[in-house]
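Structure file structure_0.txt (compact mmCIF, C-alpha atoms and all ligand atoms) follows.
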```txt
# COMPACT_ATOMS: atom_id res chain seq x y z
CA MET A 1 133.70 116.25 108.74
CA SER A 2 133.85 115.65 112.42
CA VAL A 3 131.00 113.13 112.74
CA VAL A 4 128.93 111.97 109.79
CA LEU A 5 126.69 109.06 108.78
CA ARG A 6 127.63 108.17 105.21
CA VAL A 7 125.07 106.33 103.12
CA ASP A 8 126.29 104.52 100.00
CA LEU A 9 123.40 104.67 97.54
CA ASP A 10 125.06 102.32 95.03
CA ALA A 11 125.33 99.69 97.75
CA PHE A 12 121.65 100.34 98.46
CA ALA A 13 120.82 99.79 94.79
CA ALA A 14 122.76 96.51 94.85
CA ASN A 15 120.73 95.36 97.86
CA LEU A 16 117.52 96.26 96.04
CA ALA A 17 118.62 94.22 93.02
CA ARG A 18 119.38 91.28 95.28
CA ILE A 19 115.96 91.56 96.92
CA ARG A 20 114.28 91.70 93.50
CA ALA A 21 116.11 88.52 92.45
CA VAL A 22 115.15 86.70 95.64
CA LEU A 23 111.49 87.73 95.47
CA GLY A 24 110.84 86.51 91.95
CA ASP A 25 107.22 87.32 91.14
CA ALA A 26 106.47 89.03 94.44
CA GLN A 27 106.93 92.80 94.55
CA HIS A 28 109.17 94.53 97.08
CA VAL A 29 107.44 96.99 99.39
CA LEU A 30 110.41 99.02 100.62
CA VAL A 31 109.78 99.76 104.29
CA VAL A 32 110.90 103.30 105.11
CA LYS A 33 109.53 103.83 108.62
CA ASP A 34 111.65 105.75 111.14
CA ASP A 35 113.15 107.99 108.46
CA ALA A 36 114.14 104.97 106.40
CA TYR A 37 115.71 103.26 109.42
CA ALA A 38 117.61 106.55 110.06
CA HIS A 39 119.16 106.56 106.57
CA GLY A 40 117.03 109.54 105.45
CA VAL A 41 113.71 108.99 103.71
CA GLY A 42 114.15 111.46 100.81
CA PRO A 43 117.36 110.17 99.18
CA ILE A 44 116.43 106.54 99.92
CA VAL A 45 113.00 106.84 98.31
CA ARG A 46 114.29 108.69 95.25
CA ARG A 47 117.04 106.15 94.60
CA ALA A 48 114.66 103.24 95.14
CA TRP A 49 112.24 104.80 92.67
CA ALA A 50 115.04 105.15 90.12
CA GLU A 51 115.86 101.46 90.69
CA GLY A 52 112.28 100.43 89.93
CA VAL A 53 110.76 100.08 93.40
CA ARG A 54 107.07 100.98 93.11
CA TRP A 55 105.76 100.18 96.60
CA PHE A 56 106.78 101.88 99.85
CA GLY A 57 105.83 100.85 103.38
CA ALA A 58 105.60 104.04 105.39
CA PHE A 59 104.07 103.08 108.75
CA ASP A 60 102.47 106.43 109.66
CA LEU A 61 100.89 109.38 107.88
CA ALA A 62 103.87 111.70 108.29
CA THR A 63 106.20 109.18 106.65
CA GLY A 64 103.65 108.46 103.91
CA LEU A 65 103.48 112.14 103.07
CA ALA A 66 107.28 112.34 103.18
CA VAL A 67 107.45 109.58 100.55
CA ARG A 68 105.03 111.50 98.32
CA ALA A 69 107.07 114.68 98.83
CA ALA A 70 110.32 112.87 98.02
CA LEU A 71 108.88 111.72 94.69
CA ASP A 72 107.31 115.05 93.82
CA GLY A 73 108.46 115.95 90.32
CA GLU A 74 109.59 112.43 89.37
CA PRO A 75 108.02 111.24 86.14
CA ASP A 76 105.02 109.02 86.80
CA ALA A 77 105.29 109.54 90.58
CA ALA A 78 101.52 109.24 91.00
CA ALA A 79 101.98 105.54 90.26
CA ALA A 80 103.94 105.07 93.48
CA ARG A 81 101.98 102.98 95.99
CA VAL A 82 102.53 104.10 99.56
CA PHE A 83 101.24 101.81 102.28
CA VAL A 84 100.56 103.23 105.76
CA TRP A 85 99.23 101.15 108.64
CA MET A 86 99.24 103.39 111.69
CA LEU A 87 96.63 106.12 111.39
CA ALA A 88 95.68 107.82 114.64
CA SER A 89 92.43 109.63 113.85
CA ARG A 90 89.72 110.30 111.31
CA ALA A 91 91.55 113.49 110.30
CA GLU A 92 94.62 111.38 109.50
CA ALA A 93 92.48 108.98 107.49
CA VAL A 94 91.17 111.89 105.42
CA ALA A 95 94.69 113.19 104.82
CA ALA A 96 95.90 109.72 103.82
CA ILE A 97 93.08 109.28 101.33
CA ARG A 98 93.67 112.74 99.85
CA ALA A 99 97.35 111.83 99.37
CA GLY A 100 96.35 108.62 97.60
CA LEU A 101 97.98 106.36 100.20
CA ASP A 102 97.10 102.68 100.60
CA ILE A 103 95.71 102.23 104.10
CA GLY A 104 96.22 99.20 106.31
CA VAL A 105 93.11 98.76 108.44
CA GLY A 106 93.40 96.52 111.48
CA ASP A 107 90.38 97.49 113.56
CA ALA A 108 86.69 98.15 113.12
CA ALA A 109 86.84 101.75 114.35
CA LEU A 110 89.43 102.76 111.74
CA LEU A 111 87.37 101.06 109.03
CA GLU A 112 84.41 103.28 109.98
CA ASP A 113 86.65 106.39 110.05
CA VAL A 114 88.05 105.64 106.61
CA ALA A 115 84.62 104.92 105.17
CA ALA A 116 83.21 108.12 106.69
CA ALA A 117 86.04 110.30 105.40
CA HIS A 118 84.00 111.45 102.40
CA ALA A 119 87.10 112.31 100.46
CA PRO A 120 86.51 112.72 96.73
CA GLU A 121 88.90 109.82 96.20
CA VAL A 122 87.90 106.29 97.13
CA ALA A 123 90.07 104.93 99.95
CA ARG A 124 92.24 101.94 99.00
CA VAL A 125 92.35 99.64 102.02
CA HIS A 126 94.23 96.49 103.02
CA LEU A 127 92.44 94.56 105.77
CA LYS A 128 94.63 93.14 108.52
CA ILE A 129 94.08 89.81 110.23
CA ASP A 130 95.81 89.22 113.56
CA THR A 131 97.67 85.96 113.05
CA GLY A 132 99.13 85.79 116.55
CA LEU A 133 101.37 88.82 117.04
CA HIS A 134 98.58 90.70 118.86
CA ARG A 135 99.98 94.07 117.84
CA ASN A 136 96.96 95.09 115.89
CA GLY A 137 94.73 93.38 113.40
CA VAL A 138 91.31 91.78 113.67
CA ARG A 139 91.16 88.53 115.62
CA PRO A 140 90.03 85.47 113.63
CA GLU A 141 86.74 85.24 115.56
CA GLY A 142 85.77 88.75 114.41
CA TRP A 143 87.15 88.45 110.88
CA ALA A 144 84.00 87.44 108.96
CA ALA A 145 81.97 90.31 110.43
CA PHE A 146 84.80 92.76 109.71
CA VAL A 147 85.08 91.60 106.10
CA ASP A 148 81.31 91.87 105.64
CA ARG A 149 81.35 95.41 107.03
CA ALA A 150 84.10 96.33 104.53
CA LEU A 151 81.99 94.84 101.76
CA VAL A 152 79.05 97.06 102.77
CA HIS A 153 81.33 100.10 102.60
CA GLU A 154 82.76 99.03 99.26
CA ARG A 155 79.29 98.58 97.76
CA ALA A 156 78.42 102.08 99.01
CA GLY A 157 81.47 103.41 97.16
CA ALA A 158 83.29 104.49 100.32
CA VAL A 159 86.28 102.12 100.16
CA ARG A 160 87.98 99.75 97.76
CA VAL A 161 89.46 96.64 99.36
CA VAL A 162 92.71 95.93 97.51
CA GLY A 163 94.66 93.81 99.97
CA VAL A 164 94.78 91.45 102.93
CA TRP A 165 97.79 91.34 105.20
CA SER A 166 99.35 90.41 108.52
CA HIS A 167 102.71 90.57 110.28
CA LEU A 168 104.81 87.68 111.59
CA ALA A 169 106.50 87.23 114.95
CA GLU A 170 109.50 85.59 113.20
CA ALA A 171 110.30 83.91 116.51
CA SER A 172 110.15 80.34 115.23
CA ASP A 173 109.27 78.53 112.01
CA ALA A 174 106.49 76.65 113.75
CA GLU A 175 104.84 79.85 114.96
CA ASP A 176 105.17 81.41 111.53
CA ASP A 177 103.65 78.31 109.89
CA HIS A 178 100.73 78.58 112.28
CA ALA A 179 100.36 82.28 111.42
CA ARG A 180 100.48 81.50 107.71
CA ALA A 181 97.67 78.97 107.99
CA ALA A 182 95.52 81.55 109.80
CA PHE A 183 96.45 84.11 107.15
CA ASP A 184 95.48 81.81 104.26
CA ALA A 185 92.13 81.04 105.88
CA ALA A 186 91.40 84.74 106.40
CA ALA A 187 92.46 85.66 102.87
CA SER A 188 90.31 82.90 101.36
CA LEU A 189 87.30 84.00 103.35
CA LEU A 190 87.78 87.60 102.20
CA GLU A 191 88.29 86.67 98.56
CA GLY A 192 85.24 84.42 98.69
CA ARG A 193 83.05 87.20 100.07
CA PHE A 194 84.37 89.79 97.59
CA GLY A 195 84.42 87.38 94.66
CA ARG A 196 87.89 88.40 93.46
CA ARG A 197 91.59 88.13 94.23
CA VAL A 198 93.27 90.86 96.30
CA LEU A 199 96.94 91.50 97.10
CA ARG A 200 98.23 89.26 99.87
CA HIS A 201 101.20 90.25 102.01
CA LEU A 202 102.61 88.69 105.15
CA SER A 203 106.39 88.62 105.42
CA ALA A 204 109.21 91.05 106.25
CA SER A 205 112.95 90.59 105.57
CA ALA A 206 113.78 87.30 107.26
CA ALA A 207 110.84 85.14 106.18
CA SER A 208 110.79 86.65 102.69
CA PHE A 209 114.36 85.46 102.16
CA ALA A 210 114.22 82.15 103.98
CA ARG A 211 110.76 80.89 103.01
CA PRO A 212 109.46 81.22 99.44
CA GLU A 213 105.93 80.24 100.45
CA PHE A 214 105.68 83.41 102.57
CA ARG A 215 106.21 85.84 99.70
CA TYR A 216 102.71 86.00 98.21
CA ASP A 217 102.13 89.16 96.09
CA LEU A 218 104.06 91.71 98.14
CA ALA A 219 106.94 91.40 100.61
CA ARG A 220 107.45 94.25 103.07
CA ILE A 221 111.23 94.48 103.46
CA GLY A 222 113.12 97.10 105.42
CA ALA A 223 116.21 95.79 107.26
CA PHE A 224 117.72 93.79 104.39
CA ALA A 225 117.37 96.73 101.98
CA TYR A 226 119.70 98.66 104.30
CA GLY A 227 121.95 95.64 104.63
CA ILE A 228 121.11 94.98 108.26
CA ARG A 229 121.29 91.23 108.87
CA PRO A 230 119.42 89.60 111.77
CA PRO A 231 121.43 88.86 114.94
CA GLY A 232 122.48 85.23 115.20
CA GLY A 233 121.17 84.54 111.70
CA PRO A 234 122.71 84.23 108.25
CA GLY A 235 125.60 86.57 107.41
CA GLU A 236 125.84 89.20 104.70
CA ASP A 237 127.48 86.90 102.18
CA ALA A 238 124.78 84.27 102.64
CA LEU A 239 122.03 86.86 102.26
CA GLY A 240 123.74 88.82 99.49
CA VAL A 241 122.98 92.19 101.12
CA TYR A 242 125.51 94.52 102.77
CA PRO A 243 125.32 97.48 105.15
CA ILE A 244 124.93 100.78 103.31
CA ALA A 245 125.63 103.18 106.20
CA ARG A 246 128.79 103.88 108.12
CA LEU A 247 129.32 106.20 111.03
CA GLU A 248 132.58 108.11 110.70
CA ALA A 249 134.46 110.58 112.86
CA THR A 250 137.76 112.44 112.60
CA LEU A 251 140.61 111.45 114.90
CA ASP A 252 142.12 114.04 117.24
CA ILE A 253 145.40 113.40 119.08
CA THR A 254 146.47 115.59 121.98
CA ARG A 255 150.06 116.66 122.52
CA THR A 256 150.31 114.02 125.23
CA GLY A 257 149.27 111.35 122.74
CA VAL A 258 145.66 110.67 123.75
CA ALA A 259 143.63 109.86 120.62
CA SER A 260 139.88 110.34 120.50
CA VAL A 261 136.96 110.96 118.19
CA PRO A 262 134.15 113.48 118.83
CA VAL A 263 131.36 110.93 119.03
CA GLY A 264 129.86 109.19 122.04
CA SER A 265 126.70 108.05 123.74
CA LEU A 266 124.96 111.40 123.24
CA HIS A 267 125.27 110.83 119.49
CA GLY A 268 123.44 107.56 119.96
CA LEU A 269 126.16 104.96 120.54
CA PRO A 270 124.81 102.73 123.33
CA SER A 271 126.88 103.29 126.46
CA THR A 272 126.64 99.56 127.16
CA LEU A 273 129.07 98.99 124.26
CA ARG A 274 132.03 100.39 126.27
CA ALA A 275 134.76 98.95 124.00
CA PHE A 276 134.60 97.68 120.43
CA PRO A 277 136.65 97.48 117.22
CA VAL A 278 136.62 100.43 114.83
CA GLY A 279 137.94 100.81 111.30
CA THR A 280 140.84 103.07 110.27
CA ALA A 281 143.10 103.51 107.27
CA GLY A 282 145.63 101.42 109.23
CA GLY A 283 143.10 98.67 109.86
CA ARG A 284 141.22 97.60 112.95
CA ARG A 285 141.79 99.46 116.24
CA MET A 286 139.92 99.34 119.53
CA LEU A 287 137.67 102.02 120.89
CA THR A 288 138.62 101.65 124.54
CA ALA A 289 136.42 104.17 126.35
CA LEU A 290 133.05 105.47 125.23
CA GLY A 291 132.20 108.86 126.68
CA GLU A 292 129.21 111.10 126.22
CA THR A 293 130.65 113.27 123.47
CA ARG A 294 134.14 111.82 122.89
CA SER A 295 135.59 108.33 122.79
CA VAL A 296 139.15 107.13 123.16
CA ILE A 297 140.75 105.15 120.34
CA GLU A 298 143.92 103.03 120.24
CA SER A 299 146.01 105.20 117.97
CA ASP A 300 149.21 103.32 117.11
CA GLY A 301 150.24 104.31 113.61
CA LEU A 302 147.44 106.83 113.19
CA ALA A 303 147.60 110.57 112.67
CA PRO A 304 145.35 113.48 113.64
CA GLY A 305 142.65 113.96 111.01
CA ASP A 306 142.48 110.27 110.11
CA ARG A 307 139.04 108.88 109.53
CA VAL A 308 137.67 106.42 112.09
CA VAL A 309 134.70 104.22 111.17
CA LEU A 310 132.57 103.42 114.25
CA PHE A 311 130.42 100.92 112.39
CA GLY A 312 129.97 100.10 108.73
CA ARG A 313 130.42 97.30 106.24
CA GLY A 314 133.73 96.01 107.58
CA ASP A 315 135.89 97.49 104.83
CA ASP A 316 138.37 99.14 107.24
CA GLY A 317 138.16 96.54 109.99
CA GLU A 318 135.12 98.00 111.72
CA ALA A 319 132.18 95.98 113.01
CA THR A 320 128.76 96.08 111.38
CA ALA A 321 125.76 97.46 113.26
CA THR A 322 124.54 93.90 113.82
CA ASP A 323 127.99 92.79 115.08
CA LEU A 324 127.76 95.52 117.73
CA ALA A 325 124.13 94.71 118.48
CA GLU A 326 124.99 91.07 119.11
CA THR A 327 127.40 92.05 121.89
CA ILE A 328 124.65 93.84 123.81
CA GLY A 329 121.69 91.61 123.01
CA THR A 330 119.83 93.80 120.56
CA VAL A 331 119.27 94.09 116.79
CA GLY A 332 121.27 96.02 114.19
CA GLU A 333 118.35 98.37 113.50
CA GLU A 334 118.64 99.58 117.09
CA ILE A 335 122.27 100.64 116.57
CA VAL A 336 121.55 102.56 113.36
CA LEU A 337 118.26 104.06 114.57
CA ARG A 338 119.91 105.58 117.62
CA VAL A 339 122.33 107.70 115.59
CA SER A 340 121.25 111.21 116.52
CA PRO A 341 119.40 113.24 113.88
CA LEU A 342 121.99 115.93 114.69
CA VAL A 343 124.63 113.78 113.00
CA PRO A 344 124.57 114.87 109.35
CA ARG A 345 123.82 112.30 106.66
CA ARG A 346 125.95 112.33 103.51
CA TYR A 347 124.97 110.44 100.41
CA GLU A 348 127.48 108.97 98.06
CA SER A 349 128.01 106.23 95.58
CA VAL A 350 131.15 104.32 96.48
CA SER A 351 131.09 100.76 95.27
CA PRO A 352 128.24 98.39 94.58
CA ARG A 353 129.72 95.48 96.48
CA ARG A 354 132.48 94.59 98.79
C1 LIG B 1 109.01 97.14 110.15
C2 LIG B 1 108.00 96.34 109.44
C3 LIG B 1 108.36 95.57 108.32
C4 LIG B 1 109.80 95.43 107.85
O1 LIG B 1 110.52 94.58 108.70
P1 LIG B 1 112.06 94.23 108.39
O2 LIG B 1 112.36 93.11 109.29
O3 LIG B 1 112.83 95.48 108.70
O4 LIG B 1 112.14 93.89 106.96
C5 LIG B 1 107.35 94.92 107.63
N1 LIG B 1 106.07 95.00 108.02
C6 LIG B 1 105.68 95.71 109.10
C7 LIG B 1 104.25 95.74 109.48
C8 LIG B 1 106.63 96.40 109.84
O5 LIG B 1 106.26 97.10 110.92
```

Any chance you could give the structure as structure tokens?
Amino acid sequence: MSVVLRVDLDAFAANLARIRAVLGDAQHVLVVKDDAYAHGVGPIVRRAWAEGVRWFGAFDLATGLAVRAALDGEPDAAAARVFVWMLASRAEAVAAIRAGLDIGVGDAALLEDVAAAHAPEVARVHLKIDTGLHRNGVRPEGWAAFVDRALVHERAGAVRVVGVWSHLAEASDAEDDHARAAFDAAASLLEGRFGRRVLRHLSASAASFARPEFRYDLARIGAFAYGIRPPGGPGEDALGVYPIARLEATLDITRTGVASVPVGSLHGLPSTLRAFPVGTAGGRRMLTALGETRSVIESDGLAPGDRVVLFGRGDDGEATATDLAETIGTVGEEIVLRVSPLVPRRYESVSPRR
């Protein structure tokens, strides 16, 4: 090992169990976009499947297909529901339908593409209302016409509407309450027109944990599954989820006594961090200079070859990804996501909890 991102899959399983307990009757859609928040989609999906997760939120087609590939050969894998919500073309819609993915549809053009795909399989779609985030989704004033168009396609056998969904800003409770009211109105209109219940889903990590009324049928949760707490929000102990990844490097000490690790900004550590605490077998030390490919570490009491933890769960005195993020005004996901794909991932089962 010189630099490695270690992922503790038992800690991941413990987070999943915690999420299941919090959600109650709602089902967890494990969000695995961006290569499972840089933790590696294959091992994450397989472990989640073994732990009973049956829904995956994959963002784009490539990730959706990667989830299917990860589960290839698992018993009953066809039962996995894989939700994608960023399809770029009609060709992608066809591929998604062929792979049996659930498709989030947030604009009229994509609805037509999906309906026109003429795949042998009927496309399962979740219609998206824009409840204020303005990222995508159909604006409330166009919602009734959009729903009616979907109904036409369903009656023609081209699509099956199975869900209604939106995404929250999570900027303030008041804004989210406003979004939820718009969501409820849109869902009721849809269910009235279709004459049946469909799956409702609205919240991600933060609102799913903090606000029971936001959980509905499905809760799309990424960050908390990886143990990444929100900046400035509740801590790990309050949430009951803990970081599952730690970035490690081996300490080198020159004959003149300069100690460093072979990891720096080119491996993805933000250069704005400059100095921060790291974990070692001897406890917390400071990283005092962050270079491009090497960084200097306070080395008192340490020996060449010792392991240095750049960020992790705090076990050896290191900061968490969110601790580091808070010092430079970003979110923990940003710290983990920047770890270069050239840094190898290693999967292990260490301990379920701190
Ligand atoms: C990323 C994402 C999520 C998960 O958000 P977390 O805060 O990581 O739980 C849920 N839904 C959508 C649409 C997303 O893009």

Per residue of chain A within 6 Å of ligand LIG 1 (chain B), what are the shortest atom pair and its distance in Å to one decimal, counting only C-alpha atoms and all ligand atoms, with rows by chain and residue number, as a Markdown table?
```
| residue | atom | partner | partner_atom | distance |
| --- | --- | --- | --- | --- |
| A:Val31 | CA | B:LIG1 | C4 | 5.6 |
| A:His167 | CA | B:LIG1 | C7 | 5.5 |
| A:Ala204 | CA | B:LIG1 | O4 | 4.1 |
| A:Ser205 | CA | B:LIG1 | O4 | 3.7 |
| A:Arg220 | CA | B:LIG1 | C5 | 4.6 |
| A:Ile221 | CA | B:LIG1 | O4 | 3.7 |
| A:Gly222 | CA | B:LIG1 | O3 | 3.7 |
| A:Ala223 | CA | B:LIG1 | O3 | 3.7 |
```

Write to file, as an mmCIF file, in the frame of the given file, the residues of the selection just made, with C-alpha atoms.
```
data_model
loop_
_atom_site.group_PDB
_atom_site.id
_atom_site.type_symbol
_atom_site.label_atom_id
_atom_site.label_comp_id
_atom_site.auth_asym_id
_atom_site.auth_seq_id
_atom_site.Cartn_x
_atom_site.Cartn_y
_atom_site.Cartn_z
ATOM 1 C CA VAL A 31 109.780 99.760 104.290
ATOM 2 C CA HIS A 167 102.710 90.570 110.280
ATOM 3 C CA ALA A 204 109.210 91.050 106.250
ATOM 4 C CA SER A 205 112.950 90.590 105.570
ATOM 5 C CA ARG A 220 107.450 94.250 103.070
ATOM 6 C CA ILE A 221 111.230 94.480 103.460
ATOM 7 C CA GLY A 222 113.120 97.100 105.420
ATOM 8 C CA ALA A 223 116.210 95.790 107.260
#
```

All residues 12 Å or closer to A:Val41, all atoms listed in the file, same chain fewer than 5 positions away omitted, as a PDB file with C-alpha atoms, in the coordinates of the input:
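Printed below is around-v6.pdb as written:
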```pdb
ATOM      1  CA  VAL A   7     125.070 106.330 103.120  1.00  0.00           C
ATOM      2  CA  LEU A  30     110.410  99.020 100.620  1.00  0.00           C
ATOM      3  CA  VAL A  31     109.780  99.760 104.290  1.00  0.00           C
ATOM      4  CA  VAL A  32     110.900 103.300 105.110  1.00  0.00           C
ATOM      5  CA  LYS A  33     109.530 103.830 108.620  1.00  0.00           C
ATOM      6  CA  ASP A  34     111.650 105.750 111.140  1.00  0.00           C
ATOM      7  CA  ASP A  35     113.150 107.990 108.460  1.00  0.00           C
ATOM      8  CA  ALA A  36     114.140 104.970 106.400  1.00  0.00           C
ATOM      9  CA  ARG A  46     114.290 108.690  95.250  1.00  0.00           C
ATOM     10  CA  ARG A  47     117.040 106.150  94.600  1.00  0.00           C
ATOM     11  CA  ALA A  48     114.660 103.240  95.140  1.00  0.00           C
ATOM     12  CA  TRP A  49     112.240 104.800  92.670  1.00  0.00           C
ATOM     13  CA  PHE A  56     106.780 101.880  99.850  1.00  0.00           C
ATOM     14  CA  GLY A  57     105.830 100.850 103.380  1.00  0.00           C
ATOM     15  CA  ALA A  58     105.600 104.040 105.390  1.00  0.00           C
ATOM     16  CA  ALA A  62     103.870 111.700 108.290  1.00  0.00           C
ATOM     17  CA  THR A  63     106.200 109.180 106.650  1.00  0.00           C
ATOM     18  CA  GLY A  64     103.650 108.460 103.910  1.00  0.00           C
ATOM     19  CA  LEU A  65     103.480 112.140 103.070  1.00  0.00           C
ATOM     20  CA  ALA A  66     107.280 112.340 103.180  1.00  0.00           C
ATOM     21  CA  VAL A  67     107.450 109.580 100.550  1.00  0.00           C
ATOM     22  CA  ARG A  68     105.030 111.500  98.320  1.00  0.00           C
ATOM     23  CA  ALA A  69     107.070 114.680  98.830  1.00  0.00           C
ATOM     24  CA  ALA A  70     110.320 112.870  98.020  1.00  0.00           C
ATOM     25  CA  LEU A  71     108.880 111.720  94.690  1.00  0.00           C
ATOM     26  CA  TYR A 226     119.700  98.660 104.300  1.00  0.00           C
ATOM     27  CA  ARG A 345     123.820 112.300 106.660  1.00  0.00           C
ATOM     28  CA  TYR A 347     124.970 110.440 100.410  1.00  0.00           C
TER      29      TYR A 347
END
```

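Counting from atom CA of A:Glu74, the distance to atom CA of A:Ile97 is 20.6 Å.
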
Figure out the distance between atom CA of A:Leu287 and atom CA of A:Pro304, please, to one decimal in Å.
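A separation of 15.6 Å between them.
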
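The closest residue to A:Glu298, picked from A:Leu218, A:Leu61, A:Leu251, A:Ile335 and counting all atoms listed in the file, is A:Leu251.
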
Quick check, in Å to one decimal: how far apart do atom CA of A:Ala93 and atom CA of A:Ala115 lie?
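Pair atom CA of A:Ala93 / atom CA of A:Ala115 returns 9.1 Å.
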
Counting only C-alpha atoms, which residues sit no farther than 9 Å from the position (99.1, 85.3, 117.2) in the file's frame? I'd like them as a VMD selection string.
chain A and resid 130 to 135 139 168 to 169 175 178 to 179

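Of the residues listed (A:Asp8, A:Leu273, A:His126, A:Thr254), A:Asp8 shows the shortest atom-to-atom separation from A:Ile44; distances use only C-alpha atoms.
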
I'd like the contact shell of A:Arg149 - 9 Å cut-off, only C-alpha atoms, skipping same-chain residues fewer than 5 positions apart - returned as a ChimeraX atom specification.
/A:108,111-112,144,154

Counting only C-alpha atoms, the residue of A:Gly312, A:Pro212, A:Pro43, A:Gly142 that sits nearest A:Glu348
A:Pro43

Using only C-alpha atoms, the best pick from A:Glu326, A:Asp217, A:Glu141, A:Asp176 as closest to A:Leu23 would be A:Asp217

A:Leu9 surroundings by only C-alpha atoms, 12 Å radius, close-in-sequence under 3 positions cut, as an NGL selection string:
:A and (6 or 12-16 or 39-40 or 42-48 or 50-51 or 225-227 or 242-246 or 345-353)

With only C-alpha atoms counted and 6 Å as the cut-off, give the residues of stretch 64-151 of chain A in contact with stretch 155-165 of chain A, each with its shortest interatomic distance in Å and the pair that gives it, as CSV.
```
residue,atom,partner,partner_atom,distance
A:Ala115,CA,A:Ala158,CA,5.0
A:Val122,CA,A:Val159,CA,5.4
A:Ala123,CA,A:Val159,CA,4.7
A:Arg124,CA,A:Arg160,CA,4.9
A:Val125,CA,A:Val161,CA,4.9
A:His126,CA,A:Gly163,CA,4.1
A:Leu127,CA,A:Val164,CA,4.8
A:Lys128,CA,A:Trp165,CA,4.9
```

Selected residues written out, C-alpha atoms, as a CSV table (one decimal), in the coordinates of the input:
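The file below, out05.csv, is the result:
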```
chain,number,residue,atom,x,y,z
A,115,ALA,CA,84.6,104.9,105.2
A,122,VAL,CA,87.9,106.3,97.1
A,123,ALA,CA,90.1,104.9,100.0
A,124,ARG,CA,92.2,101.9,99.0
A,125,VAL,CA,92.4,99.6,102.0
A,126,HIS,CA,94.2,96.5,103.0
A,127,LEU,CA,92.4,94.6,105.8
A,128,LYS,CA,94.6,93.1,108.5
```

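Near A:Thr288, within 6 Å and counting all atoms listed in the file, sit A:Ala275, A:Val296, A:Ile297, not including residues fewer than 4 positions from it in the same chain.
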
Residue selection dump (C-alpha atoms) as a compact mmCIF listing (two decimals), in the frame of the given file:
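In the end it all went to out.txt:
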```
# COMPACT_ATOMS: atom_id res chain seq x y z
CA ALA A 275 134.76 98.95 124.00
CA VAL A 296 139.15 107.13 123.16
CA ILE A 297 140.75 105.15 120.34
```

Point out the residue among A:Ser2, A:Asn136, A:Ser89, A:Ser208 with the least atom-to-atom distance to A:Val22, counting all atoms listed in the file.
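Looking at the shortest contact to A:Val22, the residue is A:Ser208.
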
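Considering only C-alpha atoms, the residue among A:Arg294, A:Val258, A:Leu87, A:Ala78 positioned nearest to A:Ala99 is A:Ala78.
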
So which residues touch A:Ile253 within 10 Å, counting only C-alpha atoms, skipping near sequence neighbours fewer than 3 positions away, as number ranges by chain?
A: 256-261, 296-297, 299, 302-306

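Residues with any atom within 10 Å of the point (126.7, 97.6, 115.2), counting only C-alpha atoms, are A:Ile228, A:Arg246, A:Leu247, A:Leu269, A:Pro270, A:Leu273, A:Phe276, A:Leu310, A:Phe311, A:Gly312, A:Arg313, A:Glu318, A:Ala319, A:Thr320, A:Ala321, A:Thr322, A:Asp323, A:Leu324, A:Ala325, A:Glu326, A:Thr327, A:Ile328, A:Thr330, A:Val331, A:Gly332, A:Glu333, A:Glu334, A:Ile335, A:Val336.
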
Box time for stretch 43-50 of chain A: axis-aligned, enclosing all its listed atoms, 8 Å extra on each side; report centre and edge lengths in Å to one decimal, as JSON.
```
{"center_x": 114.8, "center_y": 106.7, "center_z": 95.0, "size_x": 21.1, "size_y": 22.9, "size_z": 25.8}
```
